[in-house]
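S.K.: Dropping in coords30.pdb, with PDB, C-alpha atoms, pLDDT in the B column.
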ATOM      1  CA  MET A   1       0.000   0.000   0.000  1.00 77.00           C
ATOM      2  CA  PRO A   2       1.261   3.500  -0.786  1.00 81.00           C
ATOM      3  CA  GLU A   3       1.784   6.086   1.912  1.00 86.00           C
ATOM      4  CA  GLY A   4      -1.191   8.258   2.750  1.00 88.00           C
ATOM      5  CA  ARG A   5       0.263  11.394   1.222  1.00 87.00           C
ATOM      6  CA  LEU A   6       0.917   9.632  -2.075  1.00 88.00           C
ATOM      7  CA  LYS A   7      -2.731   8.666  -2.530  1.00 86.00           C
ATOM      8  CA  SER A   8      -3.730  12.167  -3.654  1.00 86.00           C
ATOM      9  CA  ARG A   9      -3.375  13.071  -7.306  1.00 89.00           C
ATOM     10  CA  THR A  10      -0.836  15.833  -6.680  1.00 89.00           C
ATOM     11  CA  PHE A  11       1.764  13.272  -7.739  1.00 91.00           C
ATOM     12  CA  ARG A  12       2.112  11.751 -11.183  1.00 92.00           C
ATOM     13  CA  ARG A  13       2.164   7.967 -11.303  1.00 93.00           C
ATOM     14  CA  ILE A  14       4.731   6.319 -13.530  1.00 93.00           C
ATOM     15  CA  LYS A  15       4.933   2.600 -14.141  1.00 95.00           C
ATOM     16  CA  LYS A  16       8.526   1.408 -14.099  1.00 95.00           C
ATOM     17  CA  LYS A  17       9.778  -2.030 -15.046  1.00 96.00           C
ATOM     18  CA  LEU A  18      12.443  -3.486 -12.790  1.00 96.00           C
ATOM     19  CA  PRO A  19      15.203  -5.712 -14.141  1.00 96.00           C
ATOM     20  CA  GLY A  20      13.515  -8.725 -12.508  1.00 95.00           C
ATOM     21  CA  GLY A  21      10.381  -8.158 -14.590  1.00 94.00           C
ATOM     22  CA  LYS A  22       8.248  -6.620 -11.854  1.00 95.00           C
ATOM     23  CA  THR A  23       6.316  -3.413 -12.563  1.00 96.00           C
ATOM     24  CA  VAL A  24       6.380  -0.814  -9.806  1.00 94.00           C
ATOM     25  CA  LEU A  25       4.574   2.496  -9.376  1.00 93.00           C
ATOM     26  CA  HIS A  26       6.805   5.526  -8.964  1.00 92.00           C
ATOM     27  CA  TYR A  27       5.442   8.826  -7.689  1.00 92.00           C
ATOM     28  CA  LYS A  28       6.747  12.024  -9.263  1.00 90.00           C
ATOM     29  CA  LYS A  29       5.912  15.671  -8.679  1.00 89.00           C
ATOM     30  CA  ARG A  30       4.052  17.360 -11.506  1.00 90.00           C
ATOM     31  CA  GLN A  31       5.831  19.916 -13.705  1.00 90.00           C
ATOM     32  CA  PRO A  32       4.993  23.586 -13.098  1.00 92.00           C
ATOM     33  CA  SER A  33       3.037  25.490 -15.762  1.00 93.00           C
ATOM     34  CA  ARG A  34       4.789  27.242 -18.646  1.00 93.00           C
ATOM     35  CA  ALA A  35       5.908  30.870 -18.452  1.00 93.00           C
ATOM     36  CA  LYS A  36       3.562  33.302 -20.190  1.00 94.00           C
ATOM     37  CA  CYS A  37       3.894  36.778 -21.721  1.00 94.00           C
ATOM     38  CA  GLY A  38       3.021  39.553 -19.302  1.00 94.00           C
ATOM     39  CA  LYS A  39       1.067  41.454 -21.951  1.00 93.00           C
ATOM     40  CA  CYS A  40      -0.691  39.015 -24.293  1.00 94.00           C
ATOM     41  CA  GLY A  41      -0.509  35.817 -22.230  1.00 94.00           C
ATOM     42  CA  SER A  42       0.996  33.631 -24.943  1.00 94.00           C
ATOM     43  CA  ILE A  43       3.486  30.915 -24.012  1.00 95.00           C
ATOM     44  CA  LEU A  44       7.071  32.173 -23.918  1.00 94.00           C
ATOM     45  CA  LYS A  45       9.668  30.381 -26.003  1.00 92.00           C
ATOM     46  CA  GLY A  46      13.211  29.767 -24.843  1.00 92.00           C
ATOM     47  CA  VAL A  47      12.189  29.524 -21.193  1.00 92.00           C
ATOM     48  CA  GLU A  48      12.884  26.201 -19.540  1.00 92.00           C
ATOM     49  CA  ILE A  49      10.180  24.435 -17.508  1.00 92.00           C
ATOM     50  CA  ALA A  50      11.354  22.407 -14.513  1.00 91.00           C
ATOM     51  CA  GLN A  51      11.115  22.141 -10.768  1.00 90.00           C
ATOM     52  CA  PRO A  52      12.601  25.242  -9.094  1.00 90.00           C
ATOM     53  CA  LYS A  53      15.398  23.126  -7.637  1.00 90.00           C
ATOM     54  CA  LYS A  54      16.590  22.175 -11.113  1.00 91.00           C
ATOM     55  CA  ILE A  55      16.146  25.718 -12.452  1.00 91.00           C
ATOM     56  CA  GLN A  56      18.480  26.998  -9.723  1.00 92.00           C
ATOM     57  CA  LYS A  57      21.296  24.921 -11.140  1.00 93.00           C
ATOM     58  CA  MET A  58      20.744  26.038 -14.764  1.00 92.00           C
ATOM     59  CA  THR A  59      22.773  28.744 -16.479  1.00 92.00           C
ATOM     60  CA  LYS A  60      21.265  32.191 -17.091  1.00 91.00           C
ATOM     61  CA  THR A  61      21.102  31.699 -20.839  1.00 90.00           C
ATOM     62  CA  LYS A  62      18.956  28.600 -20.432  1.00 91.00           C
ATOM     63  CA  LYS A  63      16.408  30.377 -18.252  1.00 92.00           C
ATOM     64  CA  ARG A  64      15.429  33.206 -20.632  1.00 92.00           C
ATOM     65  CA  PRO A  65      16.205  34.657 -24.085  1.00 93.00           C
ATOM     66  CA  GLU A  66      18.985  37.224 -24.063  1.00 93.00           C
ATOM     67  CA  ARG A  67      17.068  40.346 -25.092  1.00 92.00           C
ATOM     68  CA  PRO A  68      15.548  43.199 -23.068  1.00 93.00           C
ATOM     69  CA  PHE A  69      12.402  41.966 -21.260  1.00 94.00           C
ATOM     70  CA  GLY A  70      13.487  38.403 -22.071  1.00 92.00           C
ATOM     71  CA  GLY A  71      11.450  35.913 -20.072  1.00 91.00           C
ATOM     72  CA  VAL A  72       8.763  38.559 -19.354  1.00 94.00           C
ATOM     73  CA  LEU A  73       7.415  39.733 -22.709  1.00 94.00           C
ATOM     74  CA  CYS A  74       7.123  37.782 -25.948  1.00 94.00           C
ATOM     75  CA  SER A  75       9.047  39.061 -28.962  1.00 93.00           C
ATOM     76  CA  LYS A  76       5.903  40.441 -30.695  1.00 94.00           C
ATOM     77  CA  CYS A  77       4.888  42.508 -27.666  1.00 94.00           C
ATOM     78  CA  LEU A  78       8.456  43.851 -27.340  1.00 94.00           C
ATOM     79  CA  ARG A  79       8.390  44.999 -30.963  1.00 94.00           C
ATOM     80  CA  GLU A  80       5.092  46.807 -30.484  1.00 93.00           C
ATOM     81  CA  LYS A  81       6.358  48.412 -27.308  1.00 93.00           C
ATOM     82  CA  THR A  82       9.591  49.712 -28.864  1.00 93.00           C
ATOM     83  CA  LYS A  83       7.749  50.961 -31.944  1.00 92.00           C
ATOM     84  CA  LYS A  84       5.339  52.934 -29.796  1.00 92.00           C
ATOM     85  CA  GLU A  85       8.182  54.468 -27.811  1.00 90.00           C
ATOM     86  CA  ALA A  86      10.105  55.367 -30.988  1.00 88.00           C
ATOM     87  CA  ARG A  87       7.151  57.056 -32.707  1.00 86.00           C
ATOM     88  CA  VAL A  88       6.297  59.436 -29.871  1.00 81.00           C
TER      89      VAL A  88
ATOM     90  CA  MET B   1      12.727  55.278 -46.272  1.00 82.00           C
ATOM     91  CA  PHE B   2      15.896  53.335 -45.421  1.00 85.00           C
ATOM     92  CA  GLU B   3      18.598  55.575 -46.885  1.00 88.00           C
ATOM     93  CA  ILE B   4      22.156  56.168 -45.714  1.00 90.00           C
ATOM     94  CA  GLY B   5      22.256  58.325 -42.572  1.00 90.00           C
ATOM     95  CA  ARG B   6      18.753  57.434 -41.328  1.00 91.00           C
ATOM     96  CA  LEU B   7      18.567  57.080 -37.562  1.00 92.00           C
ATOM     97  CA  CYS B   8      16.671  54.008 -36.402  1.00 94.00           C
ATOM     98  CA  VAL B   9      15.886  51.794 -33.424  1.00 94.00           C
ATOM     99  CA  LYS B  10      16.449  48.077 -33.358  1.00 94.00           C
ATOM    100  CA  ILE B  11      13.325  46.104 -32.510  1.00 93.00           C
ATOM    101  CA  ALA B  12      14.472  42.498 -32.370  1.00 92.00           C
ATOM    102  CA  GLY B  13      17.307  40.558 -30.797  1.00 92.00           C
ATOM    103  CA  ARG B  14      19.706  41.325 -27.982  1.00 91.00           C
ATOM    104  CA  ASP B  15      20.355  44.843 -29.326  1.00 91.00           C
ATOM    105  CA  ALA B  16      16.621  45.710 -29.188  1.00 92.00           C
ATOM    106  CA  ARG B  17      15.714  49.255 -28.046  1.00 92.00           C
ATOM    107  CA  LYS B  18      19.174  50.554 -29.053  1.00 92.00           C
ATOM    108  CA  LYS B  19      19.731  53.338 -31.576  1.00 92.00           C
ATOM    109  CA  ALA B  20      21.808  52.989 -34.733  1.00 93.00           C
ATOM    110  CA  ILE B  21      22.560  54.701 -38.052  1.00 93.00           C
ATOM    111  CA  ILE B  22      22.247  53.125 -41.460  1.00 93.00           C
ATOM    112  CA  ILE B  23      25.710  53.167 -43.025  1.00 92.00           C
ATOM    113  CA  ASP B  24      25.119  51.219 -46.198  1.00 90.00           C
ATOM    114  CA  VAL B  25      22.201  49.721 -48.106  1.00 91.00           C
ATOM    115  CA  ILE B  26      23.069  46.197 -49.136  1.00 90.00           C
ATOM    116  CA  ASP B  27      19.864  44.925 -50.636  1.00 88.00           C
ATOM    117  CA  ASN B  28      16.099  45.484 -50.845  1.00 91.00           C
ATOM    118  CA  ASN B  29      15.831  43.712 -47.502  1.00 92.00           C
ATOM    119  CA  TYR B  30      19.167  44.297 -45.776  1.00 94.00           C
ATOM    120  CA  VAL B  31      21.128  47.328 -44.537  1.00 93.00           C
ATOM    121  CA  LEU B  32      24.415  47.825 -42.661  1.00 93.00           C
ATOM    122  CA  ILE B  33      23.988  49.556 -39.287  1.00 92.00           C
ATOM    123  CA  ASP B  34      26.315  50.861 -36.581  1.00 91.00           C
ATOM    124  CA  GLY B  35      25.984  52.874 -33.367  1.00 90.00           C
ATOM    125  CA  GLU B  36      24.889  51.728 -29.936  1.00 90.00           C
ATOM    126  CA  THR B  37      24.371  48.314 -31.460  1.00 90.00           C
ATOM    127  CA  ARG B  38      27.136  46.203 -32.871  1.00 89.00           C
ATOM    128  CA  ARG B  39      28.173  46.951 -36.470  1.00 90.00           C
ATOM    129  CA  ARG B  40      26.163  44.397 -38.386  1.00 91.00           C
ATOM    130  CA  LYS B  41      24.014  43.488 -41.347  1.00 93.00           C
ATOM    131  CA  CYS B  42      20.358  43.844 -40.439  1.00 93.00           C
ATOM    132  CA  ASN B  43      16.949  43.024 -41.899  1.00 94.00           C
ATOM    133  CA  ILE B  44      14.664  46.009 -42.533  1.00 93.00           C
ATOM    134  CA  ASN B  45      11.867  44.262 -40.646  1.00 93.00           C
ATOM    135  CA  HIS B  46      13.989  44.374 -37.482  1.00 94.00           C
ATOM    136  CA  ILE B  47      14.390  48.168 -37.592  1.00 93.00           C
ATOM    137  CA  GLU B  48      12.040  51.045 -36.826  1.00 93.00           C
ATOM    138  CA  PRO B  49      13.078  54.272 -38.636  1.00 93.00           C
ATOM    139  CA  LEU B  50      13.114  57.598 -36.757  1.00 91.00           C
ATOM    140  CA  ASN B  51      12.612  61.166 -38.017  1.00 90.00           C
ATOM    141  CA  LYS B  52      16.267  62.189 -38.102  1.00 88.00           C
ATOM    142  CA  VAL B  53      18.565  61.822 -41.105  1.00 90.00           C
ATOM    143  CA  LEU B  54      22.266  62.653 -40.748  1.00 88.00           C
ATOM    144  CA  LYS B  55      24.602  63.523 -43.583  1.00 87.00           C
ATOM    145  CA  LEU B  56      27.147  60.757 -43.971  1.00 85.00           C
ATOM    146  CA  LYS B  57      29.708  59.302 -46.294  1.00 84.00           C
ATOM    147  CA  LYS B  58      29.216  55.728 -47.373  1.00 82.00           C
ATOM    148  CA  ASN B  59      30.820  53.050 -45.140  1.00 82.00           C
ATOM    149  CA  LEU B  60      31.863  55.229 -42.183  1.00 85.00           C
ATOM    150  CA  SER B  61      34.321  53.665 -39.737  1.00 88.00           C
ATOM    151  CA  HIS B  62      33.179  52.812 -36.203  1.00 87.00           C
ATOM    152  CA  LYS B  63      35.327  55.596 -34.682  1.00 88.00           C
ATOM    153  CA  ASP B  64      33.631  58.238 -36.807  1.00 88.00           C
ATOM    154  CA  VAL B  65      30.213  56.867 -35.883  1.00 88.00           C
ATOM    155  CA  VAL B  66      31.063  57.153 -32.178  1.00 89.00           C
ATOM    156  CA  GLU B  67      32.078  60.821 -32.651  1.00 89.00           C
ATOM    157  CA  LEU B  68      28.915  61.517 -34.662  1.00 88.00           C
ATOM    158  CA  PHE B  69      26.697  60.071 -31.936  1.00 87.00           C
ATOM    159  CA  LYS B  70      28.423  62.252 -29.363  1.00 89.00           C
ATOM    160  CA  LYS B  71      28.113  65.453 -31.455  1.00 88.00           C
ATOM    161  CA  GLU B  72      24.625  65.147 -32.910  1.00 85.00           C
ATOM    162  CA  LEU B  73      22.715  62.991 -30.432  1.00 84.00           C
ATOM    163  CA  ASP B  74      24.560  63.367 -27.082  1.00 84.00           C
ATOM    164  CA  ILE B  75      24.891  59.593 -26.809  1.00 85.00           C
ATOM    165  CA  GLU B  76      28.167  58.203 -25.562  1.00 86.00           C
ATOM    166  CA  ILE B  77      29.137  54.776 -26.826  1.00 86.00           C
ATOM    167  CA  PRO B  78      31.556  52.986 -24.490  1.00 83.00           C
ATOM    168  CA  ASP B  79      34.425  50.970 -25.905  1.00 80.00           C
ATOM    169  CA  LYS B  80      33.692  47.310 -25.531  1.00 75.00           C
ATOM    170  CA  LYS B  81      37.072  45.745 -25.203  1.00 73.00           C
ATOM    171  CA  SER B  82      37.590  42.582 -23.246  1.00 70.00           C
ATOM    172  CA  ARG B  83      39.398  43.111 -19.969  1.00 67.00           C
ATOM    173  CA  PRO B  84      42.888  41.765 -19.503  1.00 71.00           C
ATOM    174  CA  LYS B  85      42.693  38.432 -17.755  1.00 72.00           C
ATOM    175  CA  SER B  86      45.085  39.264 -14.925  1.00 73.00           C
ATOM    176  CA  ASP B  87      42.789  42.027 -13.573  1.00 71.00           C
ATOM    177  CA  ARG B  88      39.945  39.638 -12.860  1.00 73.00           C
ATOM    178  CA  PRO B  89      40.011  38.400  -9.251  1.00 76.00           C
ATOM    179  CA  ARG B  90      39.607  34.677  -9.034  1.00 77.00           C
ATOM    180  CA  LYS B  91      38.135  32.694  -6.188  1.00 80.00           C
ATOM    181  CA  ILE B  92      40.247  30.004  -4.612  1.00 80.00           C
ATOM    182  CA  ARG B  93      38.412  27.036  -3.177  1.00 78.00           C
ATOM    183  CA  LYS B  94      38.917  26.244   0.481  1.00 76.00           C
ATOM    184  CA  THR B  95      39.325  22.544  -0.097  1.00 72.00           C
ATOM    185  CA  LYS B  96      42.342  23.146  -2.333  1.00 59.00           C
ATOM    186  CA  LEU B  97      43.982  25.372   0.279  1.00 59.00           C
ATOM    187  CA  LYS B  98      43.615  22.697   2.978  1.00 58.00           C
ATOM    188  CA  LYS B  99      45.431  20.189   0.840  1.00 59.00           C
ATOM    189  CA  GLU B 100      48.305  22.551   0.187  1.00 61.00           C
ATOM    190  CA  GLU B 101      48.928  23.683   3.795  1.00 61.00           C
ATOM    191  CA  PRO B 102      49.818  20.510   5.738  1.00 62.00           C
ATOM    192  CA  GLN B 103      52.713  19.368   3.582  1.00 64.00           C
ATOM    193  CA  PRO B 104      55.254  17.640   5.858  1.00 68.00           C
ATOM    194  CA  GLU B 105      58.863  18.360   5.017  1.00 71.00           C
ATOM    195  CA  LYS B 106      60.537  15.400   3.439  1.00 71.00           C
ATOM    196  CA  PRO B 107      63.613  13.994   5.263  1.00 70.00           C
ATOM    197  CA  GLU B 108      66.849  14.694   3.504  1.00 71.00           C
ATOM    198  CA  GLU B 109      67.740  11.871   1.221  1.00 69.00           C
ATOM    199  CA  LYS B 110      71.185  10.403   1.108  1.00 66.00           C
ATOM    200  CA  PRO B 111      73.003  10.854  -2.165  1.00 67.00           C
ATOM    201  CA  GLU B 112      72.383   7.826  -4.292  1.00 67.00           C
ATOM    202  CA  LEU B 113      75.298   5.475  -4.677  1.00 64.00           C
ATOM    203  CA  LYS B 114      75.994   3.018  -7.427  1.00 68.00           C
ATOM    204  CA  GLN B 115      75.154  -0.629  -6.729  1.00 73.00           C
ATOM    205  CA  PRO B 116      78.672  -2.002  -6.174  1.00 73.00           C
ATOM    206  CA  GLU B 117      79.434   0.844  -3.722  1.00 76.00           C
ATOM    207  CA  LEU B 118      76.163   0.201  -1.933  1.00 77.00           C
ATOM    208  CA  LYS B 119      76.982  -3.491  -1.483  1.00 78.00           C
ATOM    209  CA  LYS B 120      80.371  -2.631  -0.030  1.00 79.00           C
ATOM    210  CA  GLU B 121      78.837  -0.236   2.471  1.00 81.00           C
ATOM    211  CA  LEU B 122      76.211  -2.755   3.501  1.00 83.00           C
ATOM    212  CA  LYS B 123      78.891  -5.367   4.125  1.00 81.00           C
ATOM    213  CA  LYS B 124      80.880  -2.939   6.241  1.00 81.00           C
ATOM    214  CA  GLU B 125      77.827  -2.132   8.362  1.00 81.00           C
ATOM    215  CA  LYS B 126      77.113  -5.838   8.902  1.00 79.00           C
ATOM    216  CA  LYS B 127      80.660  -6.492  10.059  1.00 76.00           C
ATOM    217  CA  GLU B 128      80.598  -3.554  12.486  1.00 76.00           C
ATOM    218  CA  THR B 129      77.316  -4.718  13.992  1.00 71.00           C
ATOM    219  CA  LYS B 130      78.390  -8.366  14.353  1.00 66.00           C
ATOM    220  CA  LYS B 131      81.879  -7.814  15.765  1.00 60.00           C
ATOM    221  CA  PRO B 132      81.031  -6.196  19.111  1.00 58.00           C
ATOM    222  CA  ALA B 133      78.442  -8.860  19.866  1.00 57.00           C
ATOM    223  CA  LYS B 134      80.954 -11.638  19.346  1.00 60.00           C
ATOM    224  CA  ALA B 135      83.565  -9.776  21.388  1.00 60.00           C
ATOM    225  CA  ASN B 136      81.114  -9.406  24.249  1.00 71.00           C
ATOM    226  CA  GLN B 137      80.311 -13.106  24.192  1.00 71.00           C
ATOM    227  CA  LYS B 138      84.012 -13.965  24.295  1.00 71.00           C
ATOM    228  CA  THR B 139      84.617 -11.665  27.250  1.00 80.00           C
ATOM    229  CA  ILE B 140      81.668 -13.160  29.126  1.00 82.00           C
ATOM    230  CA  LYS B 141      82.952 -16.690  28.517  1.00 80.00           C
ATOM    231  CA  GLU B 142      86.479 -15.743  29.678  1.00 85.00           C
ATOM    232  CA  LYS B 143      85.092 -14.181  32.865  1.00 84.00           C
ATOM    233  CA  LYS B 144      83.123 -17.362  33.608  1.00 84.00           C
ATOM    234  CA  ILE B 145      86.193 -19.526  33.089  1.00 87.00           C
ATOM    235  CA  LYS B 146      88.271 -17.253  35.375  1.00 85.00           C
ATOM    236  CA  LYS B 147      85.626 -17.455  38.087  1.00 85.00           C
ATOM    237  CA  ALA B 148      85.554 -21.237  37.814  1.00 86.00           C
ATOM    238  CA  LYS B 149      89.374 -21.393  38.095  1.00 83.00           C
ATOM    239  CA  LYS B 150      89.351 -19.149  41.187  1.00 81.00           C
ATOM    240  CA  LYS B 151      86.789 -21.396  42.920  1.00 76.00           C
ATOM    241  CA  ASN B 152      88.876 -24.457  42.219  1.00 69.00           C
TER     242      ASN B 152
END
How does this structure look as C-alpha cells?
M.R.:
Amino acid sequence: MPEGRLKSRTFRRIKKKLPGGKTVLHYKKRQPSRAKCGKCGSILKGVEIAQPKKIQKMTKTKKRPERPFGGVLCSKCLREKTKKEARV
Amino acid sequence: MFEIGRLCVKIAGRDARKKAIIIDVIDNNYVLIDGETRRRKCNINHIEPLNKVLKLKKNLSHKDVVELFKKELDIEIPDKKSRPKSDRPRKIRKTKLKKEEPQPEKPEEKPELKQPELKKELKKEKKETKKPAKANQKTIKEKKIKKAKKKN
C-alpha cells in the first residue's frame, strides 16, 4: 500500500519495469506550468520548464532569451512596445 | 525610407531598443547599421526608422560613428574591449587550500650510490654490527672460566 500522502493526485504515477520483470509504481511531482507573456498571455519560447530546484542549477542563458524583457514579454509585444516608444 | 544616414531603433534581438545609423544599403531587404548596437548586417523588418537623417559618407568607420553620436545625439558609446585576464580576481576554493597547507617536510635523502658501492657499504655495516656482539660473548665466557678457576 502506498503512503497516505501519495494517494492524492498531486503526484504523477509512472509505471517502471524493474530488471527482474516486476512493474512498480513511482510517484513524481508534476511539472509547473509554462511561463507566459506579461502582456498578451501567450506561451514564452526559450524559457525552460522544470522544478525550481533544477532551475536553480541552470545557467542564465537557459532560463530566458537574451534580449531586453526576455522571459517577461514575448518578442511580438516587445516589438510593439519599442515601436510605440520610438514614434512618440 | 531606409537611406544612408537614417537614424533608427532596433526592434528584435539582444540589441533591441538601441539606436543605430544606417551606413550602407546592401539589398532590398538588408542594410548595414552601426551605433549603440554592434556593427552588423540587419533586416529592414527588425528596424524602426526615426525622423532624423544625418549627412554621412558611405561606409563610415566605427570611430567616426562614435564621434557623430556624441556630437549630434549626445549619446556616448563605451568601448567594448575585453578586460585583460590578470585584472579579474579569481576565487580560490577552500578545499584546495587545505590540501596545500599541511605538507610535511621530506627527510633529507642520502646521495644515491651506485650498486657495487652500496653493497660494499652494507657489508661494512654488517661487520661492524656483528663484531662487538661476538667480542662481548668472548669476554663473558672468559670471565666465567676465570671465576671457575678461582673457585677451584
S.K.: For the file shown, report as a count of residues only the outcome of the PyMOL selection byres ((chain A) within 8 of (chain B)) at residue level.
M.R.: 10
S.K.: Quick one, how far is atom CA of Ile43 of chain A from atom CA of Lys62 of chain A?
M.R.: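 Value for the atom CA of Ile43 of chain A-atom CA of Lys62 of chain A distance: 16.0 Å.
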S.K.: Between atom CA of Gly41 of chain A and atom CA of Gln56 of chain A, what is the distance in Å, rounded to a tenth?
M.R.: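 That distance, rounded to one decimal, is 24.4 Å.
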S.K.: Just how far from atom CA of Lys84 of chain A is atom CA of Ala20 of chain B, in Å to one decimal?
M.R.: 17.2 Å
S.K.: Under the PyMOL selection byres ((chain A and resi 44) around 9), which residues of this model are included? Write them out as a PyMOL selection string.
M.R.: chain A and resi 34-37+41-43+45-47+71-75
S.K.: What does the PyMOL selection byres ((chain A and resi 13) around 8) select in this file, as a ChimeraX atom specification?
M.R.: /A:11-12,14-15,25-28
S.K.: Write out as a ChimeraX atom specification the residues lying within 10 Å of Ile49 of chain A, counting all atoms listed in the file and excluding same-chain residues fewer than 3 positions away.
M.R.: /A:31-35,46,52,54-55,63
S.K.: Of the candidates B:Ile33, B:Ile92, B:Ile145, B:Ile44, which one gets nearest to His62 of chain B if we count only C-alpha atoms?
M.R.: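 Counting only C-alpha atoms, the residue closest to His62 of chain B is B:Ile33.
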S.K.: Each side padded by 6 Å, which centre and which edge lengths in Å (one decimal) define the axis-aligned box around the listed atoms of segment 126-129 of chain B? Give them as AutoDock Vina command-line options.
M.R.:
--center_x 78.9 --center_y -5.0 --center_z 11.4 --size_x 15.5 --size_y 14.9 --size_z 17.1
S.K.: Need to verify the contact set: segment 58-61 of chain B, 8 Å, all atoms listed in the file, exclusion of same-chain residues closer than 5 positions in sequence. Can you return it as a VMD selection string?
M.R.: chain B and resid 4 23 to 24
S.K.: Env of Glu3 of chain B: 9 Å cut, atoms = all atoms listed in the file, seq-sep filter 3 positions within chain, self excluded. Answer as an NGL selection string.
M.R.: :B and (6 or 22-25 or 31 or 53)
